[in-house]
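**Student:** One file is attached below, protein11.pdb, containing PDB, C-alpha atoms.
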```
ATOM      1  CA  MET A   1      -9.679 -11.455 -38.725  1.00  0.00           C
ATOM      2  CA  SER A   2     -12.583 -13.719 -39.705  1.00  0.00           C
ATOM      3  CA  THR A   3     -10.771 -16.916 -38.630  1.00  0.00           C
ATOM      4  CA  ILE A   4      -9.936 -15.403 -35.231  1.00  0.00           C
ATOM      5  CA  LYS A   5     -12.728 -15.973 -32.729  1.00  0.00           C
ATOM      6  CA  SER A   6     -11.191 -14.023 -29.842  1.00  0.00           C
ATOM      7  CA  TYR A   7      -8.324 -11.664 -29.153  1.00  0.00           C
ATOM      8  CA  LYS A   8      -6.890 -14.536 -27.071  1.00  0.00           C
ATOM      9  CA  ASP A   9      -6.329 -16.434 -30.346  1.00  0.00           C
ATOM     10  CA  LEU A  10      -3.864 -13.754 -31.507  1.00  0.00           C
ATOM     11  CA  LEU A  11      -0.240 -14.801 -31.103  1.00  0.00           C
ATOM     12  CA  ILE A  12       0.720 -11.192 -30.345  1.00  0.00           C
ATOM     13  CA  TRP A  13      -1.741 -11.171 -27.439  1.00  0.00           C
ATOM     14  CA  GLN A  14      -0.468 -14.548 -26.171  1.00  0.00           C
ATOM     15  CA  LYS A  15       3.159 -13.373 -26.309  1.00  0.00           C
ATOM     16  CA  GLY A  16       2.188 -10.106 -24.593  1.00  0.00           C
ATOM     17  CA  PHE A  17       0.426 -12.063 -21.851  1.00  0.00           C
ATOM     18  CA  GLU A  18       3.544 -14.196 -21.353  1.00  0.00           C
ATOM     19  CA  ILE A  19       5.620 -11.015 -21.057  1.00  0.00           C
ATOM     20  CA  VAL A  20       3.311  -9.728 -18.290  1.00  0.00           C
ATOM     21  CA  ILE A  21       3.527 -12.927 -16.245  1.00  0.00           C
ATOM     22  CA  SER A  22       7.323 -13.152 -16.616  1.00  0.00           C
ATOM     23  CA  THR A  23       7.722  -9.470 -15.767  1.00  0.00           C
ATOM     24  CA  TYR A  24       5.654  -9.771 -12.593  1.00  0.00           C
ATOM     25  CA  ARG A  25       7.806 -12.686 -11.497  1.00  0.00           C
ATOM     26  CA  LEU A  26      10.988 -10.722 -12.205  1.00  0.00           C
ATOM     27  CA  VAL A  27      10.037  -7.584 -10.258  1.00  0.00           C
ATOM     28  CA  LYS A  28       9.048  -9.512  -7.108  1.00  0.00           C
ATOM     29  CA  THR A  29      12.695  -9.294  -6.022  1.00  0.00           C
ATOM     30  CA  PHE A  30      13.148  -5.572  -6.672  1.00  0.00           C
ATOM     31  CA  PRO A  31      13.995  -3.383  -3.672  1.00  0.00           C
ATOM     32  CA  GLN A  32      10.976  -2.487  -1.539  1.00  0.00           C
ATOM     33  CA  GLU A  33      11.633   1.244  -1.960  1.00  0.00           C
ATOM     34  CA  GLU A  34      11.033   0.808  -5.705  1.00  0.00           C
ATOM     35  CA  LEU A  35       7.550  -0.631  -5.194  1.00  0.00           C
ATOM     36  CA  TYR A  36       5.774   2.624  -6.092  1.00  0.00           C
ATOM     37  CA  ALA A  37       8.405   3.855  -8.529  1.00  0.00           C
ATOM     38  CA  LEU A  38      10.111   1.750 -11.186  1.00  0.00           C
ATOM     39  CA  THR A  39       8.367  -1.496 -10.200  1.00  0.00           C
ATOM     40  CA  SER A  40       4.965   0.109 -10.644  1.00  0.00           C
ATOM     41  CA  GLN A  41       5.957   1.662 -13.979  1.00  0.00           C
ATOM     42  CA  ILE A  42       7.283  -1.660 -15.252  1.00  0.00           C
ATOM     43  CA  LYS A  43       4.077  -3.468 -14.309  1.00  0.00           C
ATOM     44  CA  ARG A  44       1.893  -0.831 -15.975  1.00  0.00           C
ATOM     45  CA  ALA A  45       3.921  -0.917 -19.194  1.00  0.00           C
ATOM     46  CA  ALA A  46       3.819  -4.722 -19.306  1.00  0.00           C
ATOM     47  CA  ILE A  47       0.067  -4.888 -18.673  1.00  0.00           C
ATOM     48  CA  SER A  48      -0.531  -2.296 -21.376  1.00  0.00           C
ATOM     49  CA  ILE A  49       0.882  -4.564 -24.104  1.00  0.00           C
ATOM     50  CA  PRO A  50      -1.780  -7.310 -24.224  1.00  0.00           C
ATOM     51  CA  SER A  51      -4.474  -4.974 -22.861  1.00  0.00           C
ATOM     52  CA  ASN A  52      -4.217  -2.627 -25.841  1.00  0.00           C
ATOM     53  CA  ILE A  53      -4.175  -5.561 -28.249  1.00  0.00           C
ATOM     54  CA  ALA A  54      -7.409  -6.816 -26.665  1.00  0.00           C
ATOM     55  CA  GLU A  55      -8.996  -3.362 -26.692  1.00  0.00           C
ATOM     56  CA  GLY A  56      -8.041  -2.802 -30.314  1.00  0.00           C
ATOM     57  CA  TYR A  57      -9.501  -6.150 -31.292  1.00  0.00           C
ATOM     58  CA  GLY A  58     -12.713  -5.205 -29.551  1.00  0.00           C
ATOM     59  CA  ARG A  59     -13.024  -1.983 -31.552  1.00  0.00           C
ATOM     60  CA  ASN A  60     -13.853  -4.097 -34.616  1.00  0.00           C
ATOM     61  CA  THR A  61     -12.220  -1.947 -37.316  1.00  0.00           C
ATOM     62  CA  ASP A  62      -8.754  -2.372 -38.782  1.00  0.00           C
ATOM     63  CA  LYS A  63      -8.039   1.358 -38.487  1.00  0.00           C
ATOM     64  CA  SER A  64      -8.879   1.448 -34.792  1.00  0.00           C
ATOM     65  CA  PHE A  65      -7.094  -1.857 -34.213  1.00  0.00           C
ATOM     66  CA  SER A  66      -3.957  -0.406 -35.851  1.00  0.00           C
ATOM     67  CA  HIS A  67      -4.072   2.514 -33.426  1.00  0.00           C
ATOM     68  CA  PHE A  68      -4.166   0.228 -30.387  1.00  0.00           C
ATOM     69  CA  ILE A  69      -1.445  -2.014 -31.841  1.00  0.00           C
ATOM     70  CA  ASP A  70       0.674   1.123 -32.141  1.00  0.00           C
ATOM     71  CA  ILE A  71       0.042   1.949 -28.462  1.00  0.00           C
ATOM     72  CA  SER A  72       0.937  -1.625 -27.526  1.00  0.00           C
ATOM     73  CA  ARG A  73       4.223  -1.306 -29.420  1.00  0.00           C
ATOM     74  CA  GLY A  74       5.021   1.884 -27.533  1.00  0.00           C
ATOM     75  CA  SER A  75       4.365   0.132 -24.226  1.00  0.00           C
ATOM     76  CA  LEU A  76       6.620  -2.723 -25.312  1.00  0.00           C
ATOM     77  CA  TYR A  77       9.512  -0.329 -25.938  1.00  0.00           C
ATOM     78  CA  GLU A  78       8.754   1.494 -22.687  1.00  0.00           C
ATOM     79  CA  LEU A  79       8.953  -1.808 -20.804  1.00  0.00           C
ATOM     80  CA  GLU A  80      12.244  -2.714 -22.459  1.00  0.00           C
ATOM     81  CA  THR A  81      13.731   0.648 -21.501  1.00  0.00           C
ATOM     82  CA  GLN A  82      12.577   0.326 -17.892  1.00  0.00           C
ATOM     83  CA  LEU A  83      13.995  -3.196 -17.613  1.00  0.00           C
ATOM     84  CA  LEU A  84      17.338  -1.998 -18.996  1.00  0.00           C
ATOM     85  CA  ILE A  85      17.346   0.773 -16.372  1.00  0.00           C
ATOM     86  CA  ALA A  86      16.522  -1.732 -13.622  1.00  0.00           C
ATOM     87  CA  ASN A  87      19.358  -3.946 -14.798  1.00  0.00           C
ATOM     88  CA  GLU A  88      21.823  -1.037 -14.776  1.00  0.00           C
ATOM     89  CA  LEU A  89      20.740  -0.206 -11.215  1.00  0.00           C
ATOM     90  CA  ASP A  90      21.378  -3.836 -10.182  1.00  0.00           C
ATOM     91  CA  PHE A  91      17.721  -4.420  -9.247  1.00  0.00           C
ATOM     92  CA  ILE A  92      17.580  -7.616 -11.286  1.00  0.00           C
ATOM     93  CA  GLN A  93      18.591 -10.726  -9.395  1.00  0.00           C
ATOM     94  CA  ASP A  94      17.553 -13.332 -11.959  1.00  0.00           C
ATOM     95  CA  ILE A  95      19.579 -12.500 -15.073  1.00  0.00           C
ATOM     96  CA  ASN A  96      18.225 -15.560 -16.892  1.00  0.00           C
ATOM     97  CA  MET A  97      14.659 -14.319 -16.430  1.00  0.00           C
ATOM     98  CA  PHE A  98      15.742 -10.837 -17.517  1.00  0.00           C
ATOM     99  CA  ASN A  99      17.321 -12.262 -20.690  1.00  0.00           C
ATOM    100  CA  HIS A 100      14.221 -14.368 -21.317  1.00  0.00           C
ATOM    101  CA  ILE A 101      11.964 -11.301 -21.090  1.00  0.00           C
ATOM    102  CA  ILE A 102      14.250  -9.274 -23.369  1.00  0.00           C
ATOM    103  CA  SER A 103      14.078 -12.150 -25.868  1.00  0.00           C
ATOM    104  CA  LEU A 104      10.269 -12.184 -25.592  1.00  0.00           C
ATOM    105  CA  ILE A 105      10.221  -8.425 -26.136  1.00  0.00           C
ATOM    106  CA  ASN A 106      12.319  -8.785 -29.303  1.00  0.00           C
ATOM    107  CA  GLU A 107      10.002 -11.517 -30.616  1.00  0.00           C
ATOM    108  CA  GLU A 108       6.899  -9.501 -29.732  1.00  0.00           C
ATOM    109  CA  SER A 109       8.320  -6.418 -31.444  1.00  0.00           C
ATOM    110  CA  LYS A 110       8.762  -8.315 -34.718  1.00  0.00           C
ATOM    111  CA  MET A 111       5.308  -9.854 -34.423  1.00  0.00           C
ATOM    112  CA  ILE A 112       3.627  -6.530 -33.651  1.00  0.00           C
ATOM    113  CA  ASN A 113       5.403  -4.807 -36.537  1.00  0.00           C
ATOM    114  CA  ALA A 114       4.324  -7.532 -38.976  1.00  0.00           C
ATOM    115  CA  PHE A 115       0.749  -7.487 -37.659  1.00  0.00           C
ATOM    116  CA  TYR A 116       0.615  -3.688 -37.840  1.00  0.00           C
ATOM    117  CA  ASN A 117       1.849  -3.744 -41.443  1.00  0.00           C
ATOM    118  CA  THR A 118      -0.826  -6.286 -42.348  1.00  0.00           C
ATOM    119  CA  LEU A 119      -3.544  -4.115 -40.801  1.00  0.00           C
ATOM    120  CA  SER A 120      -2.158  -1.004 -42.504  1.00  0.00           C
ATOM    121  CA  LYS A 121      -2.314  -2.680 -45.909  1.00  0.00           C
ATOM    122  CA  ALA A 122      -5.940  -3.593 -45.239  1.00  0.00           C
ATOM    123  CA  ASN A 123      -6.687   0.108 -44.626  1.00  0.00           C
ATOM    124  CA  HIS A 124      -5.416   1.201 -48.048  1.00  0.00           C
TER     125      HIS A 124
END
```
Re-express the file's structure as structure tokens.
**Tutor:**
Amino acid sequence: MSTIKSYKDLLIWQKGFEIVISTYRLVKTFPQEELYALTSQIKRAAISIPSNIAEGYGRNTDKSFSHFIDISRGSLYELETQLLIANELDFIQDINMFNHIISLINEESKMINAFYNTLSKANH
């Protein structure tokens, strides 16, 4: 982590941030009655991804960072599940944006897993 000056330099944070922005754009067209239900859940899960990466970075130990990376991964999978549900319920109007976000989620998952494994090795 010595070459990283900020959590914003982490590719996993940058990808997570991109997921949040894309997700917010996608849910703008969801039905109004879902505003405080699935839409809210989706936004919270998306925001949790880069937020936990940033918080973990700020904890300044690899063990603590690993814990927050693990939480971020859980939020990533939660978001994917919620987007799949929204798609099944025909809430998604922009299928290209949906596919783009799913692709970002798959990339982020691989990146988080690799980063987590690197941190875990540093702990042993």
**Student:** Just say which residues the PyMOL selection byres ((chain A and resi 87) around 12) picks in this file, as a PyMOL selection string.
**Tutor:** chain A and resi 26-27+30+38+80-86+88-99+102
**Student:** May I have the selected residues written with C-alpha atoms, as a PDB file, keeping the file's coordinate frame?
**Tutor:**
```
ATOM      1  CA  LEU A  26      10.988 -10.722 -12.205  1.00  0.00           C
ATOM      2  CA  VAL A  27      10.037  -7.584 -10.258  1.00  0.00           C
ATOM      3  CA  PHE A  30      13.148  -5.572  -6.672  1.00  0.00           C
ATOM      4  CA  LEU A  38      10.111   1.750 -11.186  1.00  0.00           C
ATOM      5  CA  GLU A  80      12.244  -2.714 -22.459  1.00  0.00           C
ATOM      6  CA  THR A  81      13.731   0.648 -21.501  1.00  0.00           C
ATOM      7  CA  GLN A  82      12.577   0.326 -17.892  1.00  0.00           C
ATOM      8  CA  LEU A  83      13.995  -3.196 -17.613  1.00  0.00           C
ATOM      9  CA  LEU A  84      17.338  -1.998 -18.996  1.00  0.00           C
ATOM     10  CA  ILE A  85      17.346   0.773 -16.372  1.00  0.00           C
ATOM     11  CA  ALA A  86      16.522  -1.732 -13.622  1.00  0.00           C
ATOM     12  CA  GLU A  88      21.823  -1.037 -14.776  1.00  0.00           C
ATOM     13  CA  LEU A  89      20.740  -0.206 -11.215  1.00  0.00           C
ATOM     14  CA  ASP A  90      21.378  -3.836 -10.182  1.00  0.00           C
ATOM     15  CA  PHE A  91      17.721  -4.420  -9.247  1.00  0.00           C
ATOM     16  CA  ILE A  92      17.580  -7.616 -11.286  1.00  0.00           C
ATOM     17  CA  GLN A  93      18.591 -10.726  -9.395  1.00  0.00           C
ATOM     18  CA  ASP A  94      17.553 -13.332 -11.959  1.00  0.00           C
ATOM     19  CA  ILE A  95      19.579 -12.500 -15.073  1.00  0.00           C
ATOM     20  CA  ASN A  96      18.225 -15.560 -16.892  1.00  0.00           C
ATOM     21  CA  MET A  97      14.659 -14.319 -16.430  1.00  0.00           C
ATOM     22  CA  PHE A  98      15.742 -10.837 -17.517  1.00  0.00           C
ATOM     23  CA  ASN A  99      17.321 -12.262 -20.690  1.00  0.00           C
ATOM     24  CA  ILE A 102      14.250  -9.274 -23.369  1.00  0.00           C
TER      25      ILE A 102
END
```
**Student:** Quick one: which residues end up in the PyMOL selection byres ((chain A and resi 10) around 10) for this structure, as a ChimeraX atom specification?
**Tutor:** /A:1,4-9,11-16,50,53-54,57,115
**Student:** Which protein, DNA or RNA residues have an atom at most 8 Å from (8.4, -5.7, -19.6), counting all atoms listed in the file? List them as an mmCIF file with C-alpha atoms, keeping the file's coordinate frame.
**Tutor:**
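File produced: part39.cif:
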```
data_model
loop_
_atom_site.group_PDB
_atom_site.id
_atom_site.type_symbol
_atom_site.label_atom_id
_atom_site.label_comp_id
_atom_site.auth_asym_id
_atom_site.auth_seq_id
_atom_site.Cartn_x
_atom_site.Cartn_y
_atom_site.Cartn_z
ATOM 1 C CA ILE A 19 5.620 -11.015 -21.057
ATOM 2 C CA VAL A 20 3.311 -9.728 -18.290
ATOM 3 C CA THR A 23 7.722 -9.470 -15.767
ATOM 4 C CA ILE A 42 7.283 -1.660 -15.252
ATOM 5 C CA LYS A 43 4.077 -3.468 -14.309
ATOM 6 C CA ALA A 45 3.921 -0.917 -19.194
ATOM 7 C CA ALA A 46 3.819 -4.722 -19.306
ATOM 8 C CA LEU A 76 6.620 -2.723 -25.312
ATOM 9 C CA GLU A 78 8.754 1.494 -22.687
ATOM 10 C CA LEU A 79 8.953 -1.808 -20.804
ATOM 11 C CA GLU A 80 12.244 -2.714 -22.459
ATOM 12 C CA GLN A 82 12.577 0.326 -17.892
ATOM 13 C CA LEU A 83 13.995 -3.196 -17.613
ATOM 14 C CA ILE A 101 11.964 -11.301 -21.090
ATOM 15 C CA ILE A 102 14.250 -9.274 -23.369
ATOM 16 C CA ILE A 105 10.221 -8.425 -26.136
#
```
**Student:** Can you turn the PyMOL selection byres ((chain A and resi 117) around 12) into a concrete residue list for this file, as an MDAnalysis selection string?
**Tutor:** chainID A and resid 62:63 65:67 69:70 110:116 118:124
**Student:** So how many Å separate CA of Ser40 in chain A and CA of Gly56 in chain A, to one decimal?
**Tutor:**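 Between these atoms lies a distance of 23.8 Å.
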**Student:** Nearest to Ser103 in chain A: which of A:Ser22, A:Glu33, A:Ile47, A:Phe68 is it, counting all atoms listed in the file?
**Tutor:**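 Checking each candidate against Ser103 in chain A, we get A:Ser22 as the closest.
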**Student:** Quick one: of A:Tyr24, A:Ser64, A:Ser72, A:Gln32, who's nearest to Asn52 in chain A, counting all atoms listed in the file?
**Tutor:**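 Using all atoms listed in the file, Asn52 in chain A sits closest to A:Ser72.
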**Student:** Could you tell me how far CA of Glu108 in chain A sits from CA of Ser75 in chain A, in Å to one decimal place?
**Tutor:**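 That distance, rounded to one decimal, is 11.4 Å.
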**Student:** What is the CA of His100 in chain A-CA of Ile49 in chain A distance in Å, reported with one decimal?
**Tutor:** 16.8 Å
**Student:** Can you patch up range 52-82 of chain A, filling it in to N, CA and C atoms, and show the result as a PDB file, in the coordinates of the input?
**Tutor:**
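This went into part.pdb:
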```
ATOM      1  N   ASN A  52      -3.908  -3.436 -24.659  1.00  0.00           N
ATOM      2  CA  ASN A  52      -4.217  -2.627 -25.841  1.00  0.00           C
ATOM      3  C   ASN A  52      -4.498  -3.488 -27.068  1.00  0.00           C
ATOM      4  N   ILE A  53      -3.867  -4.635 -27.154  1.00  0.00           N
ATOM      5  CA  ILE A  53      -4.175  -5.561 -28.249  1.00  0.00           C
ATOM      6  C   ILE A  53      -5.629  -6.025 -28.112  1.00  0.00           C
ATOM      7  N   ALA A  54      -6.027  -6.384 -26.902  1.00  0.00           N
ATOM      8  CA  ALA A  54      -7.409  -6.816 -26.665  1.00  0.00           C
ATOM      9  C   ALA A  54      -8.397  -5.686 -26.942  1.00  0.00           C
ATOM     10  N   GLU A  55      -8.085  -4.484 -26.466  1.00  0.00           N
ATOM     11  CA  GLU A  55      -8.996  -3.362 -26.692  1.00  0.00           C
ATOM     12  C   GLU A  55      -9.122  -3.050 -28.173  1.00  0.00           C
ATOM     13  N   GLY A  56      -8.000  -3.058 -28.872  1.00  0.00           N
ATOM     14  CA  GLY A  56      -8.041  -2.802 -30.314  1.00  0.00           C
ATOM     15  C   GLY A  56      -8.866  -3.835 -31.055  1.00  0.00           C
ATOM     16  N   TYR A  57      -8.719  -5.079 -30.680  1.00  0.00           N
ATOM     17  CA  TYR A  57      -9.501  -6.150 -31.292  1.00  0.00           C
ATOM     18  C   TYR A  57     -10.997  -5.893 -31.078  1.00  0.00           C
ATOM     19  N   GLY A  58     -11.320  -5.456 -29.886  1.00  0.00           N
ATOM     20  CA  GLY A  58     -12.713  -5.205 -29.551  1.00  0.00           C
ATOM     21  C   GLY A  58     -13.326  -4.018 -30.275  1.00  0.00           C
ATOM     22  N   ARG A  59     -12.510  -3.158 -30.830  1.00  0.00           N
ATOM     23  CA  ARG A  59     -13.024  -1.983 -31.552  1.00  0.00           C
ATOM     24  C   ARG A  59     -13.611  -2.357 -32.910  1.00  0.00           C
ATOM     25  N   ASN A  60     -13.213  -3.502 -33.433  1.00  0.00           N
ATOM     26  CA  ASN A  60     -13.853  -4.097 -34.616  1.00  0.00           C
ATOM     27  C   ASN A  60     -13.611  -3.394 -35.952  1.00  0.00           C
ATOM     28  N   THR A  61     -12.627  -2.493 -36.016  1.00  0.00           N
ATOM     29  CA  THR A  61     -12.220  -1.947 -37.316  1.00  0.00           C
ATOM     30  C   THR A  61     -10.700  -2.019 -37.409  1.00  0.00           C
ATOM     31  N   ASP A  62     -10.201  -2.266 -38.601  1.00  0.00           N
ATOM     32  CA  ASP A  62      -8.754  -2.372 -38.782  1.00  0.00           C
ATOM     33  C   ASP A  62      -8.045  -1.065 -38.443  1.00  0.00           C
ATOM     34  N   LYS A  63      -8.669   0.060 -38.776  1.00  0.00           N
ATOM     35  CA  LYS A  63      -8.039   1.358 -38.487  1.00  0.00           C
ATOM     36  C   LYS A  63      -7.897   1.567 -36.984  1.00  0.00           C
ATOM     37  N   SER A  64      -8.931   1.303 -36.246  1.00  0.00           N
ATOM     38  CA  SER A  64      -8.879   1.448 -34.792  1.00  0.00           C
ATOM     39  C   SER A  64      -7.930   0.420 -34.180  1.00  0.00           C
ATOM     40  N   PHE A  65      -7.980  -0.798 -34.695  1.00  0.00           N
ATOM     41  CA  PHE A  65      -7.094  -1.857 -34.213  1.00  0.00           C
ATOM     42  C   PHE A  65      -5.635  -1.444 -34.407  1.00  0.00           C
ATOM     43  N   SER A  66      -5.324  -0.873 -35.571  1.00  0.00           N
ATOM     44  CA  SER A  66      -3.957  -0.406 -35.851  1.00  0.00           C
ATOM     45  C   SER A  66      -3.496   0.603 -34.811  1.00  0.00           C
ATOM     46  N   HIS A  67      -4.399   1.493 -34.430  1.00  0.00           N
ATOM     47  CA  HIS A  67      -4.072   2.514 -33.426  1.00  0.00           C
ATOM     48  C   HIS A  67      -3.683   1.862 -32.090  1.00  0.00           C
ATOM     49  N   PHE A  68      -4.453   0.883 -31.664  1.00  0.00           N
ATOM     50  CA  PHE A  68      -4.166   0.228 -30.387  1.00  0.00           C
ATOM     51  C   PHE A  68      -2.928  -0.672 -30.470  1.00  0.00           C
ATOM     52  N   ILE A  69      -2.677  -1.238 -31.638  1.00  0.00           N
ATOM     53  CA  ILE A  69      -1.445  -2.014 -31.841  1.00  0.00           C
ATOM     54  C   ILE A  69      -0.243  -1.082 -31.705  1.00  0.00           C
ATOM     55  N   ASP A  70      -0.387   0.120 -32.240  1.00  0.00           N
ATOM     56  CA  ASP A  70       0.674   1.123 -32.141  1.00  0.00           C
ATOM     57  C   ASP A  70       0.942   1.495 -30.678  1.00  0.00           C
ATOM     58  N   ILE A  71      -0.111   1.659 -29.892  1.00  0.00           N
ATOM     59  CA  ILE A  71       0.042   1.949 -28.462  1.00  0.00           C
ATOM     60  C   ILE A  71       0.737   0.779 -27.760  1.00  0.00           C
ATOM     61  N   SER A  72       0.335  -0.429 -28.114  1.00  0.00           N
ATOM     62  CA  SER A  72       0.937  -1.625 -27.526  1.00  0.00           C
ATOM     63  C   SER A  72       2.436  -1.676 -27.821  1.00  0.00           C
ATOM     64  N   ARG A  73       2.801  -1.327 -29.047  1.00  0.00           N
ATOM     65  CA  ARG A  73       4.223  -1.306 -29.420  1.00  0.00           C
ATOM     66  C   ARG A  73       4.980  -0.279 -28.592  1.00  0.00           C
ATOM     67  N   GLY A  74       4.391   0.865 -28.371  1.00  0.00           N
ATOM     68  CA  GLY A  74       5.021   1.884 -27.533  1.00  0.00           C
ATOM     69  C   GLY A  74       5.234   1.393 -26.105  1.00  0.00           C
ATOM     70  N   SER A  75       4.245   0.695 -25.571  1.00  0.00           N
ATOM     71  CA  SER A  75       4.365   0.132 -24.226  1.00  0.00           C
ATOM     72  C   SER A  75       5.455  -0.930 -24.166  1.00  0.00           C
ATOM     73  N   LEU A  76       5.576  -1.700 -25.238  1.00  0.00           N
ATOM     74  CA  LEU A  76       6.620  -2.723 -25.312  1.00  0.00           C
ATOM     75  C   LEU A  76       8.004  -2.084 -25.217  1.00  0.00           C
ATOM     76  N   TYR A  77       8.216  -1.018 -25.966  1.00  0.00           N
ATOM     77  CA  TYR A  77       9.512  -0.329 -25.938  1.00  0.00           C
ATOM     78  C   TYR A  77       9.743   0.374 -24.598  1.00  0.00           C
ATOM     79  N   GLU A  78       8.658   0.883 -24.013  1.00  0.00           N
ATOM     80  CA  GLU A  78       8.754   1.494 -22.687  1.00  0.00           C
ATOM     81  C   GLU A  78       9.197   0.450 -21.662  1.00  0.00           C
ATOM     82  N   LEU A  79       8.586  -0.730 -21.719  1.00  0.00           N
ATOM     83  CA  LEU A  79       8.953  -1.808 -20.804  1.00  0.00           C
ATOM     84  C   LEU A  79      10.414  -2.192 -20.980  1.00  0.00           C
ATOM     85  N   GLU A  80      10.847  -2.340 -22.209  1.00  0.00           N
ATOM     86  CA  GLU A  80      12.244  -2.714 -22.459  1.00  0.00           C
ATOM     87  C   GLU A  80      13.196  -1.691 -21.854  1.00  0.00           C
ATOM     88  N   THR A  81      12.898  -0.422 -22.049  1.00  0.00           N
ATOM     89  CA  THR A  81      13.731   0.648 -21.501  1.00  0.00           C
ATOM     90  C   THR A  81      13.780   0.584 -19.979  1.00  0.00           C
ATOM     91  N   GLN A  82      12.632   0.387 -19.356  1.00  0.00           N
ATOM     92  CA  GLN A  82      12.577   0.326 -17.892  1.00  0.00           C
ATOM     93  C   GLN A  82      13.333  -0.884 -17.350  1.00  0.00           C
TER      94      GLN A  82
END
```
